[in-house]
Amino acid sequence: MSDQHEEGHFCRTAGEKIMFSDAIIQSIKKAQQRYPDQQSAVLPALHIIQKEYGNLSYEAMRFVSQQLRVPESDVFGTATFYSLYRWKNPGRHQIQICHNLSCSLLGAETMIAHLEKKLGVCEGQVTKDGRFSFIRMECIGRCDGAPAMLVGDDYHGELTPEKIDEILKKYE
Amino acid sequence: MEKMLLKRVDIPNSADIDVAMKNGAYSTLATAFGMRPLDVVSEVKRANLRGRGGAGFPTGLKWELCSRVPGSLKYLLCNADEGEPGTFKDRFILLQDPHLLIEGMVISGFAIGAERGYIYLRYEYPTALVVLEKAIEQAYAKGYLGKNILGKGVNFDLSVHRGAGAYICGEETALIESLEGKRGQPRIRPPFPASQGAWRKPTVINNVETLSNIPYLLAMGADAYAKIGEETSPGPKLYGVSGMVNKPGVYELPMGTTLREIIYTHCGGIRGGKKLKAIIPGGASTPILTEQHLDVKMDFNSLVSAGSMLGSGAVMVMDETVNLVNVAYVLVRFFAHESCGKCTPCREGTSWLYQVYQRLMHGEGRLEDIDLLLYICDTVKGKCFCPLGEGAIQPVLSSIKHFRGDYEQWIKEGRRGQA
C-alpha cells in the first residue's frame, strides 16, 4: 500500500503523527501469548488500539501489521470485514440502538426517530458538543428488554421517548 | 421441572466463584476425572444431548469424532457469538453463571483430550467480557483452570476471544477463521473441524448452553438425563421469548414444551389481550409459523415436521397488528447486511431481496414482486456455501406462504414502511 491511502478513505487528522505507547505494545504482547500464532492476535490488537484512540486508522493497521508480522493487506482485510471497528471517532458516549425484529416490533424505529430529533444528528454523526453519536445495531441480545440500546457499555431497555430523555441526561 | 441451567442465575452475585461453589459449582469435576475420557464421551452420547446452537448435531458424536483423531494437541471452542436475532439465552449464563460454563468446558476438554479452550464472545456483550475474564481469573486462582487440576494431572487453559461484530462468525468454520485473526468467512468442509479445525488441529466447537449442560448431565447420569423432555432430543432447553408477549424472558423448560404452553402459560399470553398472528420459533433464520402451530412441540424433530426449525429456541411473537411484509423486510435487511460476500448466491441474492423489499417499503411495490421474491429465493436455495443464505430466504418464503394476503394488501394500498 502506498502513502496515497493516507489522504484517502480512512480518516486521519492531517499531519498528526499517531504514536503508539509502550502500554499498547505491552497489551498487544500480552494478547499474543494467548495464541499459538501471531496472526490470531490481530483482532485483540485492533480492539486495544480502538479502545485507546476511539477508532482505527491506516497507521493503526500498519502498526499491527509490523507488531505481529502479518502482511498489511491481511490486517486491512480483517479490519474492514467486521462492523464494529470504526474509522471515525464516535461521540464521548456512543449509543448503539437495536433495530432488529424484536426491538422493531416494539417501536425501535420510533425510538431512533426520537434520537435523531433529540440529538439533531443522523446515524454515524457526532453531536456538535461531541457528547453523543449513535449507530443502528443488528440485535444486541437484549430482546427481552425491547426496544433496547447500549450507551457506551451500559444497557438500557424497555425504552420510551421520555425514558430516552432521562437516560441521556446521565451522560455528560 | 426443577431448574438446572438457570439454577444459580437468580442467586445474587452468583458470578463470584465462592457463591457459585457454595451452590454446587465445580462439584462434578471430581466425578468426571474419576472416569476415563472415553467413558465421559459415551455418557454424553448415551444421553443423546444435541447441540443447542441451532443445528442440533449430537454432541457425543462430535466429541467422539474429535477424540478418535490421533495427536495430542486439540482445541475446545465455546461459541458465545449468540448473534441470531431474537436470541439472548446464553447471556444469562455468561453474565450470571460463568462458572457453570467454565466447569462444562474443563470437563469437555478432558473428554476430548483438549488442554486449550477459547470462548468466542460477541462484541455486543461488553459486560459479559468483564464477568468472564474475572471468572476465569478466579477459576485459575482456585486451581480449576491451569495445570494439574484437582491434582489429577488434568490441564486446561482458557481465555476469551472477542469478536468484532459479524453474524457469520456464529458459523463454526467462520468462527475459527475469526479466531485466527482473519476475515470471518466459512471454510470448505471436509475437512471438518473435528479433524482439522483451529490452527489445523482437531477442534470441537460447542454452544454455551450445550457446554453448560455437561456438568448436570454427568452429575445425574445419562439415563436420568435422557428422561427429561422429548425422547429424540432430551434435556432442559432455554427458550428465549420476545416480541408481543406479556412476560418476555428466558424460560428453562423440558425440551419439547409446546408453543402454546410457552406463550400462554409462562409468558402470560399476548400483550393487550390481542390475537396471535405469527411466531418465529427459533431465531431469524427459522421459518415463520402461525397460530395453527401452537401445539407443536418445541424440539428439533417436531419443528422440522411442522415446516420450521428449533434453531436457538428464540421465540419471537407477533400479534394481529403486525404486517408480515414489515417483518420480512427487517430480517432481509439484516441478512443482506451480514452476508459475508464469499459466495455469489448469498451475496447477490440477499442484496437483491433487500432491494425488492425497499421498493415495497417505499410504497412502490408491484404485484409481480411477490413472484420475483420467490424466484430470487429459488436462485439462493441449496446453492450457498454455508447456512446463512438458506436462513436468509426462510422469512421470505414462509411469510409469503402463510401471509400472502399481507403482501397483496400492502401492494394494493401502496403502503409505506418505516424504511
# chains A, B, ... in the order shown; residues from 1 in each chain; ligands from 1
call {"tool": "select_by_dssp", "arguments": {"residues": "stretch 290-393 of chain B", "states": "alpha helix (DSSP H)", "output": "MDAnalysis selection string"}}
result
chainID B and resid 300:305 324:338 344:361 368:380 387:393
call {"tool": "interface_residues", "arguments": {"of": "chain B", "to": "chain A", "cutoff": "9 Å", "atoms": "only C-alpha atoms", "output": "PDB file with N, CA, C and O atoms, in the first residue's frame"}}
result
ATOM      1  N   GLU B  82     -23.659 -15.846  19.844  1.00  0.00           N
ATOM      2  CA  GLU B  82     -25.092 -15.546  20.029  1.00  0.00           C
ATOM      3  C   GLU B  82     -25.599 -14.373  19.193  1.00  0.00           C
ATOM      4  O   GLU B  82     -26.084 -13.372  19.714  1.00  0.00           O
ATOM      5  N   GLY B  83     -25.500 -14.518  17.865  1.00  0.00           N
ATOM      6  CA  GLY B  83     -25.881 -13.396  17.009  1.00  0.00           C
ATOM      7  C   GLY B  83     -27.239 -13.546  16.358  1.00  0.00           C
ATOM      8  O   GLY B  83     -27.749 -12.599  15.770  1.00  0.00           O
ATOM      9  N   GLU B  84     -27.824 -14.736  16.427  1.00  0.00           N
ATOM     10  CA  GLU B  84     -29.110 -14.972  15.784  1.00  0.00           C
ATOM     11  C   GLU B  84     -30.147 -14.008  16.354  1.00  0.00           C
ATOM     12  O   GLU B  84     -30.431 -14.040  17.550  1.00  0.00           O
ATOM     13  N   PRO B  85     -30.724 -13.123  15.516  1.00  0.00           N
ATOM     14  CA  PRO B  85     -31.679 -12.157  16.061  1.00  0.00           C
ATOM     15  C   PRO B  85     -32.795 -12.832  16.856  1.00  0.00           C
ATOM     16  O   PRO B  85     -33.353 -13.831  16.422  1.00  0.00           O
ATOM     17  N   GLY B  86     -33.074 -12.292  18.012  1.00  0.00           N
ATOM     18  CA  GLY B  86     -34.086 -12.860  18.901  1.00  0.00           C
ATOM     19  C   GLY B  86     -33.490 -13.721  19.994  1.00  0.00           C
ATOM     20  O   GLY B  86     -34.167 -14.108  20.937  1.00  0.00           O
ATOM     21  N   THR B  87     -32.193 -14.023  19.884  1.00  0.00           N
ATOM     22  CA  THR B  87     -31.553 -14.950  20.834  1.00  0.00           C
ATOM     23  C   THR B  87     -30.828 -14.187  21.933  1.00  0.00           C
ATOM     24  O   THR B  87     -30.034 -13.292  21.643  1.00  0.00           O
ATOM     25  N   PHE B  88     -31.106 -14.555  23.170  1.00  0.00           N
ATOM     26  CA  PHE B  88     -30.419 -13.898  24.293  1.00  0.00           C
ATOM     27  C   PHE B  88     -30.238 -14.852  25.463  1.00  0.00           C
ATOM     28  O   PHE B  88     -29.851 -14.455  26.540  1.00  0.00           O
ATOM     29  N   LYS B  89     -30.492 -16.145  25.227  1.00  0.00           N
ATOM     30  CA  LYS B  89     -30.464 -17.132  26.307  1.00  0.00           C
ATOM     31  C   LYS B  89     -29.078 -17.290  26.929  1.00  0.00           C
ATOM     32  O   LYS B  89     -28.945 -17.352  28.149  1.00  0.00           O
ATOM     33  N   ARG B  91     -26.766 -15.245  27.221  1.00  0.00           N
ATOM     34  CA  ARG B  91     -26.379 -14.072  28.003  1.00  0.00           C
ATOM     35  C   ARG B  91     -26.597 -14.308  29.502  1.00  0.00           C
ATOM     36  O   ARG B  91     -25.788 -13.879  30.325  1.00  0.00           O
ATOM     37  N   TYR B 123     -19.000  -9.152  20.271  1.00  0.00           N
ATOM     38  CA  TYR B 123     -18.584  -7.813  20.692  1.00  0.00           C
ATOM     39  C   TYR B 123     -19.684  -7.098  21.462  1.00  0.00           C
ATOM     40  O   TYR B 123     -19.428  -6.299  22.345  1.00  0.00           O
ATOM     41  N   GLU B 124     -20.939  -7.443  21.107  1.00  0.00           N
ATOM     42  CA  GLU B 124     -22.084  -6.715  21.658  1.00  0.00           C
ATOM     43  C   GLU B 124     -22.352  -7.040  23.132  1.00  0.00           C
ATOM     44  O   GLU B 124     -23.307  -6.526  23.708  1.00  0.00           O
ATOM     45  N   TYR B 125     -21.544  -7.918  23.747  1.00  0.00           N
ATOM     46  CA  TYR B 125     -21.712  -8.242  25.159  1.00  0.00           C
ATOM     47  C   TYR B 125     -20.528  -7.719  25.977  1.00  0.00           C
ATOM     48  O   TYR B 125     -19.749  -8.498  26.515  1.00  0.00           O
ATOM     49  N   PRO B 126     -20.382  -6.391  26.082  1.00  0.00           N
ATOM     50  CA  PRO B 126     -19.203  -5.870  26.790  1.00  0.00           C
ATOM     51  C   PRO B 126     -19.178  -6.247  28.272  1.00  0.00           C
ATOM     52  O   PRO B 126     -18.110  -6.485  28.835  1.00  0.00           O
ATOM     53  N   THR B 127     -20.354  -6.320  28.891  1.00  0.00           N
ATOM     54  CA  THR B 127     -20.393  -6.661  30.314  1.00  0.00           C
ATOM     55  C   THR B 127     -19.981  -8.115  30.530  1.00  0.00           C
ATOM     56  O   THR B 127     -19.285  -8.432  31.499  1.00  0.00           O
ATOM     57  N   LEU B 158      -7.788 -21.520  29.517  1.00  0.00           N
ATOM     58  CA  LEU B 158      -8.975 -20.942  28.896  1.00  0.00           C
ATOM     59  C   LEU B 158      -8.818 -19.436  28.764  1.00  0.00           C
ATOM     60  O   LEU B 158      -8.323 -18.768  29.678  1.00  0.00           O
ATOM     61  N   SER B 159      -9.207 -18.882  27.620  1.00  0.00           N
ATOM     62  CA  SER B 159      -9.281 -17.422  27.518  1.00  0.00           C
ATOM     63  C   SER B 159     -10.424 -17.011  26.603  1.00  0.00           C
ATOM     64  O   SER B 159     -10.987 -17.838  25.895  1.00  0.00           O
ATOM     65  N   HIS B 161     -11.908 -14.783  23.498  1.00  0.00           N
ATOM     66  CA  HIS B 161     -11.561 -14.110  22.252  1.00  0.00           C
ATOM     67  C   HIS B 161     -12.765 -13.279  21.852  1.00  0.00           C
ATOM     68  O   HIS B 161     -13.858 -13.807  21.664  1.00  0.00           O
ATOM     69  N   ARG B 162     -12.556 -11.965  21.744  1.00  0.00           N
ATOM     70  CA  ARG B 162     -13.683 -11.088  21.476  1.00  0.00           C
ATOM     71  C   ARG B 162     -13.877 -10.872  19.982  1.00  0.00           C
ATOM     72  O   ARG B 162     -12.930 -10.545  19.276  1.00  0.00           O
ATOM     73  N   GLY B 163     -15.107 -11.084  19.518  1.00  0.00           N
ATOM     74  CA  GLY B 163     -15.435 -10.823  18.117  1.00  0.00           C
ATOM     75  C   GLY B 163     -15.496  -9.330  17.864  1.00  0.00           C
ATOM     76  O   GLY B 163     -15.186  -8.524  18.739  1.00  0.00           O
ATOM     77  N   ALA B 164     -15.908  -8.949  16.639  1.00  0.00           N
ATOM     78  CA  ALA B 164     -15.939  -7.526  16.330  1.00  0.00           C
ATOM     79  C   ALA B 164     -17.171  -7.154  15.511  1.00  0.00           C
ATOM     80  O   ALA B 164     -17.160  -6.215  14.746  1.00  0.00           O
ATOM     81  N   GLY B 165     -18.240  -7.936  15.718  1.00  0.00           N
ATOM     82  CA  GLY B 165     -19.480  -7.588  15.050  1.00  0.00           C
ATOM     83  C   GLY B 165     -19.613  -8.241  13.697  1.00  0.00           C
ATOM     84  O   GLY B 165     -19.416  -7.597  12.673  1.00  0.00           O
ATOM     85  N   ALA B 166     -19.924  -9.532  13.690  1.00  0.00           N
ATOM     86  CA  ALA B 166     -20.169 -10.246  12.434  1.00  0.00           C
ATOM     87  C   ALA B 166     -20.996 -11.482  12.760  1.00  0.00           C
ATOM     88  O   ALA B 166     -20.528 -12.399  13.413  1.00  0.00           O
ATOM     89  N   TYR B 167     -22.240 -11.474  12.260  1.00  0.00           N
ATOM     90  CA  TYR B 167     -23.168 -12.594  12.496  1.00  0.00           C
ATOM     91  C   TYR B 167     -22.591 -13.903  11.991  1.00  0.00           C
ATOM     92  O   TYR B 167     -22.738 -14.944  12.619  1.00  0.00           O
ATOM     93  N   GLU B 177     -11.911 -19.063  11.610  1.00  0.00           N
ATOM     94  CA  GLU B 177     -11.167 -18.075  10.824  1.00  0.00           C
ATOM     95  C   GLU B 177     -10.983 -16.792  11.628  1.00  0.00           C
ATOM     96  O   GLU B 177      -9.920 -16.187  11.643  1.00  0.00           O
ATOM     97  N   SER B 178     -12.062 -16.372  12.296  1.00  0.00           N
ATOM     98  CA  SER B 178     -12.023 -15.146  13.066  1.00  0.00           C
ATOM     99  C   SER B 178     -11.083 -15.273  14.271  1.00  0.00           C
ATOM    100  O   SER B 178     -10.361 -14.342  14.619  1.00  0.00           O
ATOM    101  N   LEU B 179     -11.096 -16.450  14.881  1.00  0.00           N
ATOM    102  CA  LEU B 179     -10.175 -16.717  15.993  1.00  0.00           C
ATOM    103  C   LEU B 179      -8.730 -16.616  15.516  1.00  0.00           C
ATOM    104  O   LEU B 179      -7.844 -16.162  16.233  1.00  0.00           O
ATOM    105  N   GLU B 180      -8.493 -17.028  14.273  1.00  0.00           N
ATOM    106  CA  GLU B 180      -7.134 -16.996  13.720  1.00  0.00           C
ATOM    107  C   GLU B 180      -6.756 -15.622  13.183  1.00  0.00           C
ATOM    108  O   GLU B 180      -5.726 -15.458  12.541  1.00  0.00           O
ATOM    109  N   GLY B 181      -7.628 -14.634  13.396  1.00  0.00           N
ATOM    110  CA  GLY B 181      -7.275 -13.260  13.034  1.00  0.00           C
ATOM    111  C   GLY B 181      -7.622 -12.887  11.607  1.00  0.00           C
ATOM    112  O   GLY B 181      -7.109 -11.906  11.074  1.00  0.00           O
ATOM    113  N   LYS B 182      -8.478 -13.693  10.985  1.00  0.00           N
ATOM    114  CA  LYS B 182      -8.797 -13.435   9.572  1.00  0.00           C
ATOM    115  C   LYS B 182     -10.223 -12.914   9.417  1.00  0.00           C
ATOM    116  O   LYS B 182     -10.961 -12.799  10.384  1.00  0.00           O
ATOM    117  N   ARG B 183     -10.605 -12.647   8.164  1.00  0.00           N
ATOM    118  CA  ARG B 183     -11.994 -12.314   7.874  1.00  0.00           C
ATOM    119  C   ARG B 183     -12.860 -13.510   8.235  1.00  0.00           C
ATOM    120  O   ARG B 183     -12.473 -14.644   7.979  1.00  0.00           O
ATOM    121  N   GLY B 184     -14.013 -13.262   8.803  1.00  0.00           N
ATOM    122  CA  GLY B 184     -14.860 -14.373   9.237  1.00  0.00           C
ATOM    123  C   GLY B 184     -15.653 -14.970   8.111  1.00  0.00           C
ATOM    124  O   GLY B 184     -16.861 -14.796   8.028  1.00  0.00           O
ATOM    125  N   TRP B 199      -6.223 -23.649  13.878  1.00  0.00           N
ATOM    126  CA  TRP B 199      -4.805 -23.844  13.588  1.00  0.00           C
ATOM    127  C   TRP B 199      -4.526 -25.252  13.052  1.00  0.00           C
ATOM    128  O   TRP B 199      -3.520 -25.878  13.348  1.00  0.00           O
ATOM    129  N   GLY B 240     -35.882 -18.474  24.765  1.00  0.00           N
ATOM    130  CA  GLY B 240     -35.867 -17.022  24.940  1.00  0.00           C
ATOM    131  C   GLY B 240     -37.043 -16.437  24.182  1.00  0.00           C
ATOM    132  O   GLY B 240     -37.104 -16.539  22.968  1.00  0.00           O
ATOM    133  N   VAL B 241     -37.976 -15.849  24.899  1.00  0.00           N
ATOM    134  CA  VAL B 241     -39.187 -15.361  24.242  1.00  0.00           C
ATOM    135  C   VAL B 241     -39.180 -13.834  24.213  1.00  0.00           C
ATOM    136  O   VAL B 241     -38.927 -13.185  25.232  1.00  0.00           O
ATOM    137  N   SER B 242     -39.451 -13.281  23.020  1.00  0.00           N
ATOM    138  CA  SER B 242     -39.502 -11.826  22.908  1.00  0.00           C
ATOM    139  C   SER B 242     -40.631 -11.444  21.965  1.00  0.00           C
ATOM    140  O   SER B 242     -41.307 -12.306  21.416  1.00  0.00           O
ATOM    141  N   GLY B 243     -40.828 -10.161  21.792  1.00  0.00           N
ATOM    142  CA  GLY B 243     -41.927  -9.686  20.956  1.00  0.00           C
ATOM    143  C   GLY B 243     -43.135  -9.338  21.797  1.00  0.00           C
ATOM    144  O   GLY B 243     -42.998  -8.905  22.949  1.00  0.00           O
ATOM    145  N   MET B 244     -44.316  -9.573  21.223  1.00  0.00           N
ATOM    146  CA  MET B 244     -45.533  -9.056  21.842  1.00  0.00           C
ATOM    147  C   MET B 244     -46.166 -10.024  22.830  1.00  0.00           C
ATOM    148  O   MET B 244     -47.327 -10.419  22.684  1.00  0.00           O
ATOM    149  N   LYS B 247     -44.876 -11.323  29.272  1.00  0.00           N
ATOM    150  CA  LYS B 247     -43.660 -11.501  30.067  1.00  0.00           C
ATOM    151  C   LYS B 247     -42.539 -12.086  29.214  1.00  0.00           C
ATOM    152  O   LYS B 247     -42.284 -13.291  29.245  1.00  0.00           O
ATOM    153  N   PRO B 248     -41.856 -11.248  28.429  1.00  0.00           N
ATOM    154  CA  PRO B 248     -40.724 -11.779  27.668  1.00  0.00           C
ATOM    155  C   PRO B 248     -39.610 -12.196  28.631  1.00  0.00           C
ATOM    156  O   PRO B 248     -39.526 -11.691  29.751  1.00  0.00           O
ATOM    157  N   GLY B 249     -38.790 -13.117  28.200  1.00  0.00           N
ATOM    158  CA  GLY B 249     -37.689 -13.537  29.066  1.00  0.00           C
ATOM    159  C   GLY B 249     -37.180 -14.897  28.653  1.00  0.00           C
ATOM    160  O   GLY B 249     -37.611 -15.459  27.642  1.00  0.00           O
ATOM    161  N   VAL B 250     -36.251 -15.431  29.457  1.00  0.00           N
ATOM    162  CA  VAL B 250     -35.713 -16.752  29.157  1.00  0.00           C
ATOM    163  C   VAL B 250     -36.345 -17.746  30.120  1.00  0.00           C
ATOM    164  O   VAL B 250     -36.465 -17.483  31.313  1.00  0.00           O
ATOM    165  N   ALA B 284     -34.116 -15.657  13.706  1.00  0.00           N
ATOM    166  CA  ALA B 284     -34.441 -15.047  12.422  1.00  0.00           C
ATOM    167  C   ALA B 284     -34.421 -15.995  11.231  1.00  0.00           C
ATOM    168  O   ALA B 284     -35.157 -15.799  10.277  1.00  0.00           O
ATOM    169  N   MET B 316     -40.058 -15.537  18.745  1.00  0.00           N
ATOM    170  CA  MET B 316     -40.482 -14.149  18.572  1.00  0.00           C
ATOM    171  C   MET B 316     -41.964 -14.145  18.214  1.00  0.00           C
ATOM    172  O   MET B 316     -42.381 -14.829  17.279  1.00  0.00           O
ATOM    173  N   VAL B 317     -42.738 -13.408  18.983  1.00  0.00           N
ATOM    174  CA  VAL B 317     -44.187 -13.485  18.892  1.00  0.00           C
ATOM    175  C   VAL B 317     -44.754 -12.192  18.312  1.00  0.00           C
ATOM    176  O   VAL B 317     -44.369 -11.094  18.735  1.00  0.00           O
ATOM    177  N   MET B 318     -45.651 -12.347  17.334  1.00  0.00           N
ATOM    178  CA  MET B 318     -46.242 -11.171  16.685  1.00  0.00           C
ATOM    179  C   MET B 318     -47.759 -11.211  16.796  1.00  0.00           C
ATOM    180  O   MET B 318     -48.368 -12.263  16.586  1.00  0.00           O
ATOM    181  N   VAL B 322     -49.476  -6.703  13.359  1.00  0.00           N
ATOM    182  CA  VAL B 322     -48.232  -6.724  12.588  1.00  0.00           C
ATOM    183  C   VAL B 322     -48.493  -7.112  11.147  1.00  0.00           C
ATOM    184  O   VAL B 322     -49.272  -8.038  10.885  1.00  0.00           O
ATOM    185  N   VAL B 327     -42.056  -7.363   8.729  1.00  0.00           N
ATOM    186  CA  VAL B 327     -41.215  -8.330   9.440  1.00  0.00           C
ATOM    187  C   VAL B 327     -40.148  -8.893   8.490  1.00  0.00           C
ATOM    188  O   VAL B 327     -38.957  -8.908   8.809  1.00  0.00           O
ATOM    189  N   VAL B 330     -37.391  -6.356   7.715  1.00  0.00           N
ATOM    190  CA  VAL B 330     -36.383  -6.182   8.771  1.00  0.00           C
ATOM    191  C   VAL B 330     -35.381  -7.329   8.749  1.00  0.00           C
ATOM    192  O   VAL B 330     -34.164  -7.123   8.858  1.00  0.00           O
ATOM    193  N   LEU B 331     -35.893  -8.554   8.563  1.00  0.00           N
ATOM    194  CA  LEU B 331     -34.999  -9.710   8.592  1.00  0.00           C
ATOM    195  C   LEU B 331     -34.123  -9.780   7.345  1.00  0.00           C
ATOM    196  O   LEU B 331     -32.937 -10.100   7.424  1.00  0.00           O
ATOM    197  N   ARG B 333     -33.157  -7.239   5.528  1.00  0.00           N
ATOM    198  CA  ARG B 333     -32.151  -6.175   5.685  1.00  0.00           C
ATOM    199  C   ARG B 333     -30.976  -6.693   6.502  1.00  0.00           C
ATOM    200  O   ARG B 333     -29.808  -6.469   6.180  1.00  0.00           O
ATOM    201  N   PHE B 334     -31.318  -7.420   7.583  1.00  0.00           N
ATOM    202  CA  PHE B 334     -30.279  -7.996   8.442  1.00  0.00           C
ATOM    203  C   PHE B 334     -29.390  -8.964   7.669  1.00  0.00           C
ATOM    204  O   PHE B 334     -28.162  -8.857   7.696  1.00  0.00           O
ATOM    205  N   HIS B 337     -27.115  -7.355   5.183  1.00  0.00           N
ATOM    206  CA  HIS B 337     -26.004  -6.694   5.871  1.00  0.00           C
ATOM    207  C   HIS B 337     -24.948  -7.691   6.311  1.00  0.00           C
ATOM    208  O   HIS B 337     -23.748  -7.407   6.281  1.00  0.00           O
ATOM    209  N   CYS B 340     -21.498 -12.586   4.113  1.00  0.00           N
ATOM    210  CA  CYS B 340     -20.059 -12.317   4.229  1.00  0.00           C
ATOM    211  C   CYS B 340     -19.425 -12.011   2.881  1.00  0.00           C
ATOM    212  O   CYS B 340     -18.293 -11.558   2.814  1.00  0.00           O
ATOM    213  N   GLN B 418     -41.512   1.768   7.664  1.00  0.00           N
ATOM    214  CA  GLN B 418     -40.505   2.570   8.351  1.00  0.00           C
ATOM    215  C   GLN B 418     -39.146   2.239   7.779  1.00  0.00           C
ATOM    216  O   GLN B 418     -38.379   1.502   8.376  1.00  0.00           O
ATOM    217  N   ALA B 419     -38.889   2.720   6.588  1.00  0.00           N
ATOM    218  CA  ALA B 419     -37.606   2.379   5.978  1.00  0.00           C
ATOM    219  C   ALA B 419     -36.747   3.619   5.822  1.00  0.00           C
ATOM    220  O   ALA B 419     -37.260   4.679   5.593  1.00  0.00           O
TER     221      ALA B 419
END
call {"tool": "residues_around", "arguments": {"residues": "B:Val44", "least_positions_apart": "3", "cutoff": "6 Å", "atoms": "only C-alpha atoms", "output": "PyMOL selection string"}}
result
chain B and resi 41+47+60
call {"tool": "write_last_selection", "arguments": {"atoms": "C-alpha atoms", "output": "CSV table (one decimal), in the first residue's frame"}}
result
chain,number,residue,atom,x,y,z
B,41,VAL,CA,-17.8,-39.2,25.7
B,47,ALA,CA,-27.7,-39.2,27.0
B,60,GLY,CA,-21.4,-37.0,21.8
call {"tool": "residues_around", "arguments": {"residues": "A:Glu123", "least_positions_apart": "4", "cutoff": "10 Å", "atoms": "only C-alpha atoms", "output": "VMD selection string"}}
result
chain A and resid 95 to 96 112 115 to 116 133 to 136
call {"tool": "residues_around", "arguments": {"residues": "stretch 137-150 of chain B", "least_positions_apart": "4", "cutoff": "12 Å", "atoms": "only C-alpha atoms", "output": "JSON list (two decimals) with C-alpha atoms, in the first residue's frame"}}
result
[["chain", "number", "residue", "atom", "x", "y", "z"],
["B", 15, "ALA", "CA", -20.85, -14.94, 39.10],
["B", 16, "ASP", "CA", -18.48, -14.91, 42.08],
["B", 17, "ILE", "CA", -16.67, -18.19, 42.49],
["B", 18, "ASP", "CA", -17.30, -18.54, 46.24],
["B", 19, "VAL", "CA", -21.04, -18.03, 45.84],
["B", 20, "ALA", "CA", -21.11, -20.37, 42.86],
["B", 21, "MET", "CA", -19.14, -23.07, 44.72],
["B", 25, "ALA", "CA", -20.20, -25.20, 41.01],
["B", 26, "TYR", "CA", -17.20, -27.40, 40.14],
["B", 27, "SER", "CA", -18.62, -30.31, 42.15],
["B", 28, "THR", "CA", -18.86, -32.53, 39.05],
["B", 29, "LEU", "CA", -15.17, -32.19, 38.14],
["B", 30, "ALA", "CA", -14.18, -34.99, 40.53],
["B", 31, "THR", "CA", -16.86, -37.30, 39.07],
["B", 32, "ALA", "CA", -15.63, -36.60, 35.55],
["B", 33, "PHE", "CA", -11.94, -37.03, 36.37],
["B", 34, "GLY", "CA", -12.77, -40.36, 38.05],
["B", 98, "PRO", "CA", -19.96, -18.12, 34.10],
["B", 99, "HIS", "CA", -18.58, -20.85, 36.37],
["B", 100, "LEU", "CA", -21.14, -23.31, 35.01],
["B", 101, "LEU", "CA", -19.73, -22.72, 31.54],
["B", 102, "ILE", "CA", -16.12, -22.96, 32.75],
["B", 103, "GLU", "CA", -16.84, -26.22, 34.58],
["B", 104, "GLY", "CA", -18.54, -27.59, 31.46],
["B", 105, "MET", "CA", -15.55, -26.61, 29.36],
["B", 106, "VAL", "CA", -12.99, -28.22, 31.70],
["B", 107, "ILE", "CA", -14.95, -31.48, 31.62],
["B", 109, "GLY", "CA", -11.77, -30.59, 27.30],
["B", 110, "PHE", "CA", -10.88, -33.59, 29.47],
["B", 115, "GLU", "CA", -5.89, -28.75, 27.01],
["B", 116, "ARG", "CA", -6.67, -25.37, 25.49],
["B", 117, "GLY", "CA", -10.00, -23.64, 25.19],
["B", 130, "VAL", "CA", -15.66, -8.31, 32.13],
["B", 131, "VAL", "CA", -17.60, -11.02, 34.00],
["B", 132, "LEU", "CA", -15.97, -13.87, 32.08],
["B", 133, "GLU", "CA", -12.44, -12.55, 32.45],
["B", 154, "VAL", "CA", -5.59, -32.72, 34.01],
["B", 155, "ASN", "CA", -4.53, -29.47, 32.32],
["B", 156, "PHE", "CA", -6.85, -26.90, 30.82],
["B", 157, "ASP", "CA", -6.18, -23.28, 29.85],
["B", 158, "LEU", "CA", -8.98, -20.94, 28.90],
["B", 159, "SER", "CA", -9.28, -17.42, 27.52],
["B", 160, "VAL", "CA", -11.82, -15.17, 25.88]]
call {"tool": "atom_distance", "arguments": {"atom1": "atom CA of A:Ala148", "atom2": "atom CA of A:Ile167"}}
result
12.1 Å
call {"tool": "closest_residue", "arguments": {"among": "A:Lys51, A:Lys88, A:Lys29, A:His93", "to": "A:Leu68", "atoms": "only C-alpha atoms"}}
result
A:Lys29
call {"tool": "atom_distance", "arguments": {"atom1": "atom CA of B:Trp410", "atom2": "atom CA of B:Gly365"}}
result
8.1 Å
call {"tool": "select_by_dssp", "arguments": {"residues": "stretch 21-129 of chain A", "states": "strand (DSSP E or B)", "output": "list in words"}}
result
His93, Gln94, Ile95, Gln96, Ile97, Cys98 and Val126 of chain A
call {"tool": "atom_distance", "arguments": {"atom1": "atom CA of B:Leu49", "atom2": "atom CA of B:Ala226"}}
result
8.1 Å
call {"tool": "residues_around", "arguments": {"residues": "A:Ala60", "least_positions_apart": "2", "cutoff": "10 Å", "atoms": "only C-alpha atoms", "output": "ChimeraX atom specification"}}
result
/A:18-20,45-46,49-50,53,55-58,62-66,75-76
call {"tool": "decode", "arguments": {"residues": "stretch 101-106 of chain A", "atoms": "N, CA, C and O atoms", "output": "mmCIF file, in the first residue's frame"}}
result
data_model
loop_
_atom_site.group_PDB
_atom_site.id
_atom_site.type_symbol
_atom_site.label_atom_id
_atom_site.label_comp_id
_atom_site.auth_asym_id
_atom_site.auth_seq_id
_atom_site.Cartn_x
_atom_site.Cartn_y
_atom_site.Cartn_z
ATOM 1 N N LEU A 101 -35.576 -7.401 14.680
ATOM 2 C CA LEU A 101 -37.014 -7.678 14.739
ATOM 3 C C LEU A 101 -37.667 -7.464 16.119
ATOM 4 O O LEU A 101 -38.659 -6.745 16.214
ATOM 5 N N SER A 102 -37.096 -8.071 17.170
ATOM 6 C CA SER A 102 -37.775 -7.982 18.465
ATOM 7 C C SER A 102 -37.924 -6.536 18.911
ATOM 8 O O SER A 102 -38.950 -6.145 19.463
ATOM 9 N N CYS A 103 -36.883 -5.735 18.680
ATOM 10 C CA CYS A 103 -36.942 -4.325 19.060
ATOM 11 C C CYS A 103 -37.849 -3.547 18.116
ATOM 12 O O CYS A 103 -38.600 -2.668 18.537
ATOM 13 N N SER A 104 -37.790 -3.898 16.840
ATOM 14 C CA SER A 104 -38.587 -3.178 15.851
ATOM 15 C C SER A 104 -40.086 -3.422 16.066
ATOM 16 O O SER A 104 -40.908 -2.523 15.878
ATOM 17 N N LEU A 105 -40.448 -4.640 16.515
ATOM 18 C CA LEU A 105 -41.854 -4.934 16.809
ATOM 19 C C LEU A 105 -42.386 -4.025 17.907
ATOM 20 O O LEU A 105 -43.561 -3.700 17.953
ATOM 21 N N LEU A 106 -41.496 -3.622 18.820
ATOM 22 C CA LEU A 106 -41.947 -2.836 19.967
ATOM 23 C C LEU A 106 -41.511 -1.376 19.873
ATOM 24 O O LEU A 106 -41.392 -0.678 20.876
#
